[in-house]
>>> print(open('run.csv').read())   # CSV, C-alpha atoms
chain,number,residue,atom,x,y,z
A,47,MET,CA,8.1,203.7,-29.1
A,48,ASN,CA,5.3,204.5,-26.8
A,49,LYS,CA,2.7,203.7,-29.4
A,50,ILE,CA,4.3,200.4,-30.1
A,51,LEU,CA,4.3,199.5,-26.4
A,52,SER,CA,0.7,200.7,-26.1
A,53,PHE,CA,-0.4,198.6,-29.0
A,54,GLY,CA,1.4,195.5,-27.5
A,55,HIS,CA,-0.2,196.1,-24.2
A,56,HIS,CA,-3.7,196.2,-25.5
A,57,HIS,CA,-3.1,193.2,-27.7
A,58,THR,CA,-2.0,191.2,-24.6
A,59,ILE,CA,-5.2,192.2,-22.7
A,60,ARG,CA,-7.3,191.1,-25.6
A,61,GLU,CA,-5.5,187.8,-25.7
A,62,ARG,CA,-6.0,187.3,-21.9
A,63,GLY,CA,-9.7,188.2,-22.3
A,64,GLN,CA,-10.1,185.8,-25.1
A,65,SER,CA,-8.4,183.1,-23.2
A,66,LEU,CA,-10.6,183.7,-20.2
A,67,VAL,CA,-13.7,183.4,-22.4
A,68,GLU,CA,-12.4,180.2,-24.0
A,69,PHE,CA,-11.5,178.8,-20.6
A,70,SER,CA,-15.0,179.6,-19.3
A,71,LEU,CA,-16.6,177.9,-22.3
A,72,PHE,CA,-14.3,174.9,-21.8
A,73,LEU,CA,-15.3,174.7,-18.1
A,74,ALA,CA,-19.0,174.9,-19.1
A,75,LEU,CA,-18.5,172.2,-21.6
A,76,VAL,CA,-16.9,170.0,-19.0
A,77,PHE,CA,-19.0,171.0,-15.9
A,78,ILE,CA,-22.5,170.9,-17.4
A,79,PRO,CA,-22.1,167.2,-18.6
A,80,MET,CA,-20.6,166.4,-15.2
A,81,LEU,CA,-23.5,168.0,-13.4
A,82,ALA,CA,-26.0,166.3,-15.7
A,83,GLY,CA,-24.3,163.0,-15.1
A,84,LEU,CA,-24.5,163.5,-11.3
A,85,VAL,CA,-28.2,164.4,-11.5
A,86,GLU,CA,-28.9,161.4,-13.7
A,87,VAL,CA,-27.0,159.0,-11.4
A,88,SER,CA,-28.9,160.4,-8.4
A,89,GLN,CA,-32.2,160.0,-10.2
A,90,TYR,CA,-31.2,156.4,-11.1
A,91,MET,CA,-30.3,155.5,-7.5
A,92,VAL,CA,-33.5,157.0,-6.1
A,93,THR,CA,-35.7,155.2,-8.7
A,94,GLN,CA,-33.8,152.0,-8.1
A,95,ASN,CA,-34.3,152.2,-4.4
A,96,ARG,CA,-38.1,152.8,-4.9
A,97,ILE,CA,-38.4,149.9,-7.3
A,98,SER,CA,-36.5,147.6,-4.9
A,99,THR,CA,-38.7,148.6,-2.1
A,100,ALA,CA,-41.8,147.9,-4.3
A,101,ALA,CA,-40.4,144.4,-5.2
A,102,ARG,CA,-39.7,143.7,-1.5
A,103,ALA,CA,-43.2,144.8,-0.5
A,104,ALA,CA,-44.8,142.7,-3.2
A,105,ALA,CA,-42.8,139.6,-2.3
A,106,ARG,CA,-43.7,140.0,1.4
A,107,PHE,CA,-47.4,140.2,0.4
A,108,GLY,CA,-47.0,137.0,-1.6
A,109,ALA,CA,-45.1,135.3,1.2
A,110,ASN,CA,-48.1,136.0,3.5
A,111,GLY,CA,-50.4,134.3,1.0
A,112,GLY,CA,-51.4,137.1,-1.3
A,113,GLN,CA,-52.4,136.4,-4.8
A,114,ASP,CA,-50.6,137.7,-7.9
A,115,GLU,CA,-53.1,140.5,-8.6
A,116,GLY,CA,-52.5,141.8,-5.1
A,117,MET,CA,-48.7,141.7,-5.6
A,118,VAL,CA,-49.1,144.1,-8.5
A,119,ILE,CA,-51.3,146.4,-6.5
A,120,VAL,CA,-48.8,146.4,-3.6
A,121,ALA,CA,-45.8,147.1,-5.8
A,122,GLN,CA,-47.4,150.0,-7.6
A,123,SER,CA,-49.0,151.5,-4.5
A,124,THR,CA,-45.7,151.3,-2.7
A,125,VAL,CA,-43.9,153.6,-5.2
A,126,SER,CA,-46.9,155.9,-5.8
A,127,GLN,CA,-47.0,156.6,-2.0
A,128,THR,CA,-43.6,158.2,-2.2
A,129,VAL,CA,-43.5,159.8,-5.6
A,130,ARG,CA,-45.8,160.1,-8.6
A,131,MET,CA,-44.6,157.4,-11.0
A,132,ASN,CA,-45.9,156.3,-14.4
A,133,LEU,CA,-48.2,153.2,-13.7
A,134,SER,CA,-48.7,152.4,-17.4
A,135,PRO,CA,-48.3,148.7,-18.3
A,136,ASP,CA,-46.1,149.9,-21.1
A,137,VAL,CA,-43.3,150.8,-18.7
A,138,TRP,CA,-43.8,148.1,-16.0
A,139,ASP,CA,-43.3,144.3,-16.3
A,140,ILE,CA,-43.8,142.3,-13.1
A,141,TRP,CA,-43.3,138.6,-12.5
A,142,SER,CA,-44.3,136.5,-9.5
A,143,ILE,CA,-41.9,133.7,-8.4
A,144,ARG,CA,-42.9,130.7,-6.3
A,145,GLY,CA,-40.8,127.6,-5.7
A,146,ARG,CA,-39.5,124.9,-3.5
A,147,ILE,CA,-35.9,123.6,-3.5
A,148,ASP,CA,-35.4,119.9,-3.7
A,149,ASN,CA,-34.1,117.6,-1.0
A,150,THR,CA,-30.5,117.8,-2.3
A,151,GLY,CA,-30.5,121.6,-2.1
A,152,THR,CA,-29.1,121.9,-5.6
A,153,ASP,CA,-32.2,122.6,-7.7
A,154,PHE,CA,-35.9,123.4,-7.5
A,155,ASP,CA,-38.4,120.6,-7.7
A,156,ILE,CA,-41.2,123.3,-8.0
A,157,PHE,CA,-40.6,126.6,-9.8
A,158,THR,CA,-43.2,128.9,-11.3
A,159,PHE,CA,-42.3,132.2,-12.9
A,160,GLU,CA,-45.5,134.0,-14.0
A,161,HIS,CA,-45.7,137.3,-15.9
A,162,ILE,CA,-48.5,139.0,-13.9
A,163,PHE,CA,-48.4,142.6,-15.2
A,164,GLY,CA,-47.2,144.7,-18.2
A,165,SER,CA,-47.3,144.9,-21.9
A,166,ARG,CA,-43.9,143.2,-22.4
A,167,LEU,CA,-42.5,146.5,-23.8
A,168,THR,CA,-39.9,147.4,-21.2
A,169,ALA,CA,-36.4,147.7,-22.6
A,170,ARG,CA,-35.0,144.7,-20.8
A,171,PHE,CA,-37.9,142.4,-21.3
A,172,GLY,CA,-36.0,140.3,-23.8
A,173,ASP,CA,-33.2,139.7,-21.3
A,174,VAL,CA,-35.6,137.9,-18.9
A,175,VAL,CA,-35.2,134.1,-19.2
A,176,THR,CA,-36.9,131.7,-16.8
A,177,ASP,CA,-33.8,129.4,-16.4
A,178,THR,CA,-31.6,132.4,-15.8
A,179,VAL,CA,-33.8,133.8,-13.1
A,180,LYS,CA,-34.2,130.4,-11.5
A,181,ALA,CA,-30.4,130.0,-11.4
A,182,GLU,CA,-30.0,133.6,-10.0
A,183,VAL,CA,-32.6,132.9,-7.2
A,184,LEU,CA,-30.9,129.6,-6.3
A,185,ALA,CA,-27.4,131.1,-6.2
A,186,ASN,CA,-28.6,134.0,-4.0
A,187,LEU,CA,-30.2,131.6,-1.5
A,188,LYS,CA,-27.2,129.3,-1.4
A,189,ALA,CA,-24.9,132.2,-0.9
A,190,GLU,CA,-26.4,132.7,2.6
A,191,ASN,CA,-24.6,129.4,3.6
A,192,ARG,CA,-27.7,127.9,5.1
A,193,ASP,CA,-29.4,124.6,4.6
A,194,VAL,CA,-31.9,125.3,1.8
A,195,ARG,CA,-33.2,121.7,1.3
A,196,GLY,CA,-37.0,121.8,1.0
A,197,LEU,CA,-37.0,125.6,1.3
A,198,ARG,CA,-40.1,127.4,-0.1
A,199,ILE,CA,-39.8,130.8,-1.5
A,200,VAL,CA,-41.9,133.6,-3.0
A,201,GLY,CA,-40.5,136.5,-4.9
A,202,THR,CA,-41.0,139.3,-7.4
A,203,LEU,CA,-39.1,140.5,-10.4
A,204,ILE,CA,-39.8,144.1,-11.6
A,205,LEU,CA,-38.7,145.9,-14.7
A,206,TYR,CA,-39.4,149.6,-14.9
A,207,ASP,CA,-38.6,152.0,-17.7
A,208,THR,CA,-38.3,155.7,-16.7
A,209,GLU,CA,-37.4,158.8,-18.7
A,210,SER,CA,-34.1,160.5,-18.3
A,211,ILE,CA,-34.7,163.8,-16.5
A,212,VAL,CA,-31.9,165.5,-18.6
A,213,GLY,CA,-32.9,163.8,-21.9
A,214,ILE,CA,-29.9,161.5,-22.5
A,215,ASN,CA,-31.9,158.4,-23.4
A,216,ASN,CA,-30.9,158.8,-27.0
A,217,PHE,CA,-27.2,158.3,-26.1
A,218,TRP,CA,-27.9,154.8,-24.7
A,219,ASP,CA,-28.4,151.6,-26.6
A,220,LYS,CA,-31.4,150.9,-24.4
A,221,PRO,CA,-33.8,153.2,-22.5
A,222,TYR,CA,-33.4,154.1,-18.9
A,223,SER,CA,-34.5,150.7,-17.3
A,224,ILE,CA,-34.6,149.6,-13.7
A,225,ARG,CA,-34.5,145.9,-12.6
A,226,SER,CA,-35.2,144.6,-9.1
A,227,LEU,CA,-35.4,141.0,-7.9
A,228,ASN,CA,-36.5,140.2,-4.4
A,229,VAL,CA,-37.2,136.7,-2.9
A,230,LEU,CA,-38.4,135.8,0.6
A,231,ARG,CA,-38.3,132.5,2.4
A,232,LEU,CA,-41.7,131.1,3.4
A,233,THR,CA,-41.2,130.6,7.2
A,234,GLY,CA,-43.2,131.3,10.3
A,235,LEU,CA,-43.4,135.0,10.9
A,236,ASN,CA,-43.7,136.5,14.3
A,237,LEU,CA,-46.8,138.5,14.8
A,238,GLU,CA,-47.2,141.5,17.0
A,239,GLN,CA,-49.3,141.1,20.1
A,240,THR,CA,-52.9,141.9,19.2
A,241,ASN,CA,-56.3,142.1,20.9
A,242,GLY,CA,-58.1,139.5,18.9
A,243,CYS,CA,-57.3,137.8,15.6
A,244,ALA,CA,-58.6,136.8,12.3
A,245,ALA,CA,-58.7,133.1,11.4
A,246,PHE,CA,-60.0,130.6,8.9
A,247,PRO,CA,-63.0,128.4,9.8
A,248,ILE,CA,-61.2,125.3,10.8
A,249,ALA,CA,-60.7,124.0,14.3
A,250,ILE,CA,-58.4,121.2,15.4
A,251,ARG,CA,-58.1,119.3,18.7
A,252,SER,CA,-55.2,120.2,21.0
A,253,ASP,CA,-54.2,116.6,21.3
A,254,THR,CA,-53.8,116.1,17.6
A,255,THR,CA,-50.4,114.5,16.6
A,256,SER,CA,-48.3,114.7,13.5
A,257,ALA,CA,-48.7,112.0,10.9
A,258,LEU,CA,-47.1,108.6,11.4
A,259,ALA,CA,-47.1,108.2,7.6
A,260,ILE,CA,-47.6,110.7,4.8
A,261,PRO,CA,-50.0,109.5,2.1
A,262,GLY,CA,-48.4,108.4,-1.2
A,263,GLY,CA,-51.7,108.4,-3.0
A,264,GLY,CA,-55.4,108.9,-2.6
A,265,TYR,CA,-55.3,112.6,-3.4
A,266,LEU,CA,-58.3,114.4,-4.9
A,267,TYR,CA,-56.2,117.5,-5.0
A,268,PRO,CA,-53.6,118.5,-6.1
A,269,VAL,CA,-53.5,116.8,-9.5
A,270,GLY,CA,-50.3,116.0,-11.3
A,271,ARG,CA,-47.4,116.0,-9.0
A,272,ILE,CA,-48.6,115.2,-5.5
A,273,PRO,CA,-46.8,115.6,-2.2
A,274,SER,CA,-44.8,112.7,-0.8
A,275,SER,CA,-42.7,112.0,2.3
A,276,GLY,CA,-39.6,113.0,0.4
A,277,ASP,CA,-41.0,116.6,0.3
A,278,PHE,CA,-40.8,117.0,4.1
A,279,PRO,CA,-37.3,116.1,5.3
A,280,LEU,CA,-37.8,117.8,8.6
A,281,HIS,CA,-41.1,115.9,9.5
A,282,GLN,CA,-41.3,114.2,12.9
A,283,PRO,CA,-44.1,111.6,13.3
A,284,GLY,CA,-46.2,111.4,16.5
A,285,LYS,CA,-45.6,114.9,17.8
A,286,THR,CA,-48.2,116.9,19.6
A,287,LEU,CA,-48.8,120.5,18.7
A,288,ASP,CA,-46.7,121.8,21.6
A,289,GLN,CA,-43.9,119.5,20.5
A,290,SER,CA,-44.0,120.2,16.8
A,291,ARG,CA,-41.6,122.4,14.8
A,292,GLU,CA,-42.0,123.9,11.4
A,293,GLY,CA,-42.0,121.2,8.8
A,294,ASP,CA,-44.0,118.5,10.6
A,295,VAL,CA,-47.0,117.2,8.7
A,296,TYR,CA,-50.5,116.6,10.0
A,297,ILE,CA,-53.3,114.6,8.5
A,298,PHE,CA,-56.7,115.9,9.7
A,299,ASN,CA,-59.4,113.3,9.2
A,300,GLU,CA,-63.0,114.3,9.2
A,301,GLY,CA,-64.1,113.8,12.8
A,302,GLN,CA,-60.7,115.1,14.0
A,303,PHE,CA,-61.4,118.7,13.0
A,304,ASN,CA,-64.4,120.9,12.7
A,305,TRP,CA,-65.7,123.4,10.2
A,306,LEU,CA,-66.7,126.6,11.9
A,307,ALA,CA,-69.6,129.0,11.6
A,308,TRP,CA,-68.6,132.5,12.7
A,309,ASN,CA,-72.2,133.2,13.6
A,310,GLN,CA,-74.6,130.5,14.8
A,311,PHE,CA,-76.8,131.0,11.7
A,312,ARG,CA,-74.1,130.7,9.1
A,313,THR,CA,-73.8,126.9,9.0
A,314,LEU,CA,-74.4,126.0,5.3
A,315,PRO,CA,-71.6,125.0,2.9
A,316,GLU,CA,-71.8,128.3,1.0
A,317,HIS,CA,-71.2,130.1,4.3
A,318,ILE,CA,-68.0,128.0,5.0
A,319,ILE,CA,-66.8,128.6,1.4
A,320,GLN,CA,-67.2,132.3,1.8
A,321,SER,CA,-65.2,132.2,5.1
A,322,LEU,CA,-62.5,130.0,3.4
A,323,ALA,CA,-61.9,132.6,0.6
A,324,TRP,CA,-58.7,134.6,0.9
A,325,PRO,CA,-58.1,136.6,3.1
A,326,GLY,CA,-60.9,135.3,5.2
A,327,ASN,CA,-63.9,137.1,6.6
A,328,SER,CA,-63.9,136.6,10.3
A,329,LEU,CA,-63.2,140.4,10.7
A,330,ASP,CA,-65.5,141.5,7.9
A,331,TYR,CA,-68.4,143.5,9.3
A,332,SER,CA,-69.4,145.3,6.1
A,333,ASP,CA,-72.8,143.8,5.8
A,334,PRO,CA,-75.4,145.7,7.8
A,335,VAL,CA,-77.0,142.4,8.9
A,336,PRO,CA,-74.7,141.1,11.7
A,337,SER,CA,-75.3,137.4,11.1
A,338,GLN,CA,-74.2,137.7,7.4
A,339,ARG,CA,-70.6,138.6,7.9
A,340,GLY,CA,-67.7,138.4,10.4
A,341,TYR,CA,-67.5,136.6,13.7
A,342,ILE,CA,-69.7,137.8,16.6
A,343,GLU,CA,-69.3,136.3,20.1
A,344,PRO,CA,-72.8,134.8,20.8
A,345,THR,CA,-72.6,135.7,24.5
A,346,ASP,CA,-71.4,139.3,23.8
A,347,PRO,CA,-72.7,141.0,20.6
A,348,ALA,CA,-70.1,143.7,21.1
A,349,ASP,CA,-67.2,141.2,20.8
A,350,ASN,CA,-66.3,141.1,17.1
A,351,SER,CA,-63.0,139.4,17.1
A,352,LEU,CA,-61.7,135.9,18.0
A,353,HIS,CA,-60.1,135.5,21.5
A,354,VAL,CA,-58.9,132.6,23.6
A,355,GLY,CA,-61.9,131.4,25.6
A,356,ASP,CA,-64.6,132.5,23.0
A,357,PHE,CA,-67.3,130.1,21.9
A,358,VAL,CA,-67.5,129.3,18.2
A,359,ALA,CA,-70.3,127.4,16.6
A,360,THR,CA,-69.5,124.4,14.4
A,361,ALA,CA,-71.1,123.6,11.0
A,362,ALA,CA,-72.1,120.1,10.0
A,363,VAL,CA,-70.8,120.1,6.5
A,364,THR,CA,-68.6,117.6,4.7
A,365,LEU,CA,-65.2,118.1,3.2
A,366,GLY,CA,-66.6,117.2,-0.2
A,367,SER,CA,-69.1,120.2,-0.1
A,368,VAL,CA,-66.4,122.8,0.5
A,369,GLN,CA,-63.2,121.2,-0.8
A,370,ASN,CA,-62.8,123.4,-3.9
A,371,ALA,CA,-62.4,126.4,-1.7
A,372,LEU,CA,-59.1,124.9,-0.4
A,373,ASN,CA,-57.5,124.7,-3.9
A,374,PRO,CA,-56.2,128.2,-4.2
A,375,HIS,CA,-54.5,128.0,-0.8
A,376,ILE,CA,-52.8,124.8,-1.8
A,377,ASP,CA,-51.7,126.2,-5.2
A,378,LEU,CA,-50.2,129.3,-3.7
A,379,GLY,CA,-48.7,127.7,-0.6
A,380,ARG,CA,-50.5,130.0,1.7
A,381,THR,CA,-50.3,129.8,5.5
A,382,LEU,CA,-53.6,129.9,7.3
A,383,ARG,CA,-54.3,130.6,10.9
A,384,VAL,CA,-56.8,128.1,12.4
A,385,ILE,CA,-58.3,127.6,15.8
A,386,VAL,CA,-57.1,125.0,18.4
A,387,TRP,CA,-59.9,123.9,20.7
A,388,ASP,CA,-59.6,123.9,24.4
A,389,ASP,CA,-60.5,120.8,26.4
A,390,THR,CA,-64.3,121.4,25.9
A,391,GLY,CA,-64.1,121.3,22.2
A,392,THR,CA,-66.3,124.3,21.9
A,393,GLN,CA,-64.1,127.2,22.9
A,394,ILE,CA,-60.9,128.7,21.5
A,395,GLY,CA,-57.9,127.4,23.4
A,396,GLY,CA,-55.4,129.0,21.0
A,397,PHE,CA,-54.3,129.4,17.4
A,398,ALA,CA,-52.0,127.6,15.1
A,399,VAL,CA,-50.6,128.4,11.6
A,400,PHE,CA,-50.5,125.6,8.9
A,401,ARG,CA,-49.8,125.4,5.2
A,402,LEU,CA,-52.2,123.2,3.2
A,403,HIS,CA,-50.7,120.7,0.8
A,404,GLY,CA,-53.6,118.5,-0.4
A,405,TYR,CA,-56.6,116.5,0.5
A,406,GLY,CA,-58.3,113.2,-0.1
A,407,SER,CA,-61.9,112.1,0.2
A,408,ASN,CA,-62.1,112.6,3.9
A,409,TRP,CA,-58.7,114.1,5.1
A,410,ILE,CA,-56.6,117.2,4.7
A,411,MET,CA,-52.8,117.3,4.8
A,412,ALA,CA,-51.2,120.3,6.4
A,413,GLU,CA,-47.7,121.4,7.3
A,414,PHE,CA,-47.2,122.8,10.8
A,415,ILE,CA,-45.7,126.3,10.8
A,416,ARG,CA,-46.1,127.5,14.4
A,417,LEU,CA,-48.4,127.9,17.4
A,418,ASP,CA,-49.6,131.5,17.3
A,419,THR,CA,-49.2,132.4,21.0
A,420,SER,CA,-49.1,136.1,20.2
A,421,CYS,CA,-52.6,136.0,18.8
A,422,GLY,CA,-56.0,136.3,20.4
A,423,GLN,CA,-54.9,137.0,23.9
A,424,VAL,CA,-57.1,139.5,25.6
A,425,ILE,CA,-55.0,142.6,26.4
A,426,PRO,CA,-56.2,144.3,29.6
A,427,GLU,CA,-57.6,147.8,29.3
A,428,GLY,CA,-55.0,150.5,29.8
A,429,SER,CA,-52.0,148.3,28.9
A,430,ASN,CA,-49.7,149.0,26.0
>>> encode(input="run.csv", output="structure tokens")
Amino acid sequence: MNKILSFGHHHTIRERGQSLVEFSLFLALVFIPMLAGLVEVSQYMVTQNRISTAARAAARFGANGGQDEGMVIVAQSTVSQTVRMNLSPDVWDIWSIRGRIDNTGTDFDIFTFEHIFGSRLTARFGDVVTDTVKAEVLANLKAENRDVRGLRIVGTLILYDTESIVGINNFWDKPYSIRSLNVLRLTGLNLEQTNGCAAFPIAIRSDTTSALAIPGGGYLYPVGRIPSSGDFPLHQPGKTLDQSREGDVYIFNEGQFNWLAWNQFRTLPEHIIQSLAWPGNSLDYSDPVPSQRGYIEPTDPADNSLHVGDFVATAAVTLGSVQNALNPHIDLGRTLRVIVWDDTGTQIGGFAVFRLHGYGSNWIMAEFIRLDTSCGQVIPEGSN
């Protein structure tokens, strides 16, 4: 009897041990995939956040007038500053988006969607369709319940393929792919107070008023579709600069504005063309010869930035000799900071921001964005 009981007792222990081992294996089979899944989801969320940040930074760069090449650099440098990521064109596809909503607010009358980087090898590249992206952008803008008529936008779409850190790519129909779309409105941005500013070499009179009529023809640039009065529903005619609001249109005729020479010796057309090239060179002092680069106050050689009250030399060049330098600004819808003369017509009275839209043989059409009252004011020493 005792032997039988002993045998039964040992048999029960073995069964319990076996069950414990089986249960542990079962837990491992359940827990390890769960843990891997949590790690993978965390990795996806972190990468998605970094790509979204990159798309937002690139869009902001474009909204401030940056070119497509710079948008790529900004996007990739943004992620590489926080984590080492693969910058190969095989795993990145980047598009720039620029557009303007029509006067009904229901569609775009201008929409460009340019592939600016990548080998077109990302997993979701085939899913990207221009009309679909266009509809998505419009829907997102209209969802804000704001009047979007005539609104201009700049955006970035990024696709990024990354490897699974636990090696589960083979279980998916498509590789591990991140998508981020970011779009910004082109509106006047508030700038921080600064001691001196950069500007483009154009100066306008303070008593200049907004256009009574917007040209319907006579454009030398742009070609094809040209701006018309219907493109500016917010325009108010006959407003002075201090009365204007964003959306007012100005026609600057030769004789009503001046081309500027940052230094008194740089007065030839090629000098003005250099200063008109993005992002401007009024703060560029890289050349060892002072007169060859950025602005220098003639009465104070130590003053290397533009301030209210500074003297600026004018250049006797014609629009025709420098006009091609304006074309990229018009194409990309850039905003340019220009100088507003004081009453003397020789000193800086302030700054204004405009967006260029076109020009004729002797006039430039520009949209008012804002007076830049935070720019170029001399900050007393010792103040914050």
>>> residues_around(input="run.csv", residues="Phe397 of chain A", least_positions_apart="4", cutoff="9 Å", atoms="all atoms listed in the file", output="ChimeraX atom specification")
/A:245,249,354,383-387,416-422
>>> atom_distance(input="run.csv", atom1="atom CA of Ala323 of chain A", atom2="atom CA of Asn370 of chain A")
10.3 Å
>>> atom_distance(input="run.csv", atom1="atom CA of Ser252 of chain A", atom2="atom CA of Thr345 of chain A")
23.6 Å
>>> atom_distance(input="run.csv", atom1="atom CA of Ser274 of chain A", atom2="atom CA of Ile260 of chain A")
6.6 Å
>>> closest_atom_pairs(input="run.csv", of="segment 285-348 of chain A", to="segment 112-118 of chain A", cutoff="12 Å", atoms="all atoms listed in the file", output="Markdown table")
| residue | atom | partner | partner_atom | distance |
| --- | --- | --- | --- | --- |
| A:Ala323 | CA | A:Gln113 | CA | 11.6 |
| A:Trp324 | CA | A:Gly112 | CA | 8.0 |
| A:Pro325 | CA | A:Gly112 | CA | 8.0 |
| A:Gly326 | CA | A:Gly112 | CA | 11.7 |
>>> residues_near_point(input="run.csv", point="(-63.7, 116.3, 19.0)", cutoff="7 Å", atoms="all atoms listed in the file", output="list in words")
Arg251, Gly301, Gln302, Phe303 and Gly391 of chain A
>>> residues_around(input="run.csv", residues="segment 144-157 of chain A", least_positions_apart="5", cutoff="9 Å", atoms="all atoms listed in the file", output="list in words")
Gly108, Lys180, Ala181, Leu184, Lys188, Asp193, Val194, Arg195, Gly196, Leu197, Arg198, Ile199, Val200, Gly201, Thr202, Val229, Gly276, Asp277, Phe278, Pro279, Leu378 and Gly379 of chain A
>>> closest_residue(input="run.csv", among="A:Trp141, A:Tyr405, A:Phe311, A:Tyr206", to="Val358 of chain A", atoms="all atoms listed in the file")
A:Phe311
>>> build_atoms(input="run.csv", residues="segment 294-307 of chain A", atoms="N, CA and C atoms", output="PDB file, keeping the file's coordinate frame")
ATOM      1  N   ASP A 294     -43.287 119.759  10.302  1.00  0.00           N
ATOM      2  CA  ASP A 294     -44.000 118.500  10.600  1.00  0.00           C
ATOM      3  C   ASP A 294     -45.353 118.521   9.881  1.00  0.00           C
ATOM      4  N   VAL A 295     -45.782 117.332   9.507  1.00  0.00           N
ATOM      5  CA  VAL A 295     -47.000 117.200   8.700  1.00  0.00           C
ATOM      6  C   VAL A 295     -48.100 116.543   9.495  1.00  0.00           C
ATOM      7  N   TYR A 296     -49.290 117.080   9.327  1.00  0.00           N
ATOM      8  CA  TYR A 296     -50.500 116.600  10.000  1.00  0.00           C
ATOM      9  C   TYR A 296     -51.512 116.121   8.971  1.00  0.00           C
ATOM     10  N   ILE A 297     -52.182 115.030   9.280  1.00  0.00           N
ATOM     11  CA  ILE A 297     -53.300 114.600   8.500  1.00  0.00           C
ATOM     12  C   ILE A 297     -54.565 114.728   9.323  1.00  0.00           C
ATOM     13  N   PHE A 298     -55.436 115.651   8.925  1.00  0.00           N
ATOM     14  CA  PHE A 298     -56.700 115.900   9.700  1.00  0.00           C
ATOM     15  C   PHE A 298     -57.798 115.101   9.007  1.00  0.00           C
ATOM     16  N   ASN A 299     -58.229 114.055   9.671  1.00  0.00           N
ATOM     17  CA  ASN A 299     -59.400 113.300   9.200  1.00  0.00           C
ATOM     18  C   ASN A 299     -60.661 113.898   9.633  1.00  0.00           C
ATOM     19  N   GLU A 300     -61.679 113.760   8.796  1.00  0.00           N
ATOM     20  CA  GLU A 300     -63.000 114.300   9.200  1.00  0.00           C
ATOM     21  C   GLU A 300     -63.377 113.564  10.516  1.00  0.00           C
ATOM     22  N   GLY A 301     -63.823 114.321  11.462  1.00  0.00           N
ATOM     23  CA  GLY A 301     -64.100 113.800  12.800  1.00  0.00           C
ATOM     24  C   GLY A 301     -62.981 114.254  13.767  1.00  0.00           C
ATOM     25  N   GLN A 302     -61.791 114.601  13.204  1.00  0.00           N
ATOM     26  CA  GLN A 302     -60.700 115.100  14.000  1.00  0.00           C
ATOM     27  C   GLN A 302     -60.585 116.626  13.946  1.00  0.00           C
ATOM     28  N   PHE A 303     -61.350 117.239  13.039  1.00  0.00           N
ATOM     29  CA  PHE A 303     -61.400 118.700  13.000  1.00  0.00           C
ATOM     30  C   PHE A 303     -62.814 119.123  12.703  1.00  0.00           C
ATOM     31  N   ASN A 304     -63.088 120.402  12.919  1.00  0.00           N
ATOM     32  CA  ASN A 304     -64.400 120.900  12.700  1.00  0.00           C
ATOM     33  C   ASN A 304     -64.396 122.109  11.722  1.00  0.00           C
ATOM     34  N   TRP A 305     -65.436 122.190  10.914  1.00  0.00           N
ATOM     35  CA  TRP A 305     -65.700 123.400  10.200  1.00  0.00           C
ATOM     36  C   TRP A 305     -66.447 124.371  11.072  1.00  0.00           C
ATOM     37  N   LEU A 306     -66.128 125.648  10.987  1.00  0.00           N
ATOM     38  CA  LEU A 306     -66.700 126.600  11.900  1.00  0.00           C
ATOM     39  C   LEU A 306     -67.638 127.578  11.257  1.00  0.00           C
ATOM     40  N   ALA A 307     -68.641 127.993  12.029  1.00  0.00           N
ATOM     41  CA  ALA A 307     -69.600 129.000  11.600  1.00  0.00           C
ATOM     42  C   ALA A 307     -69.377 130.241  12.480  1.00  0.00           C
TER      43      ALA A 307
END
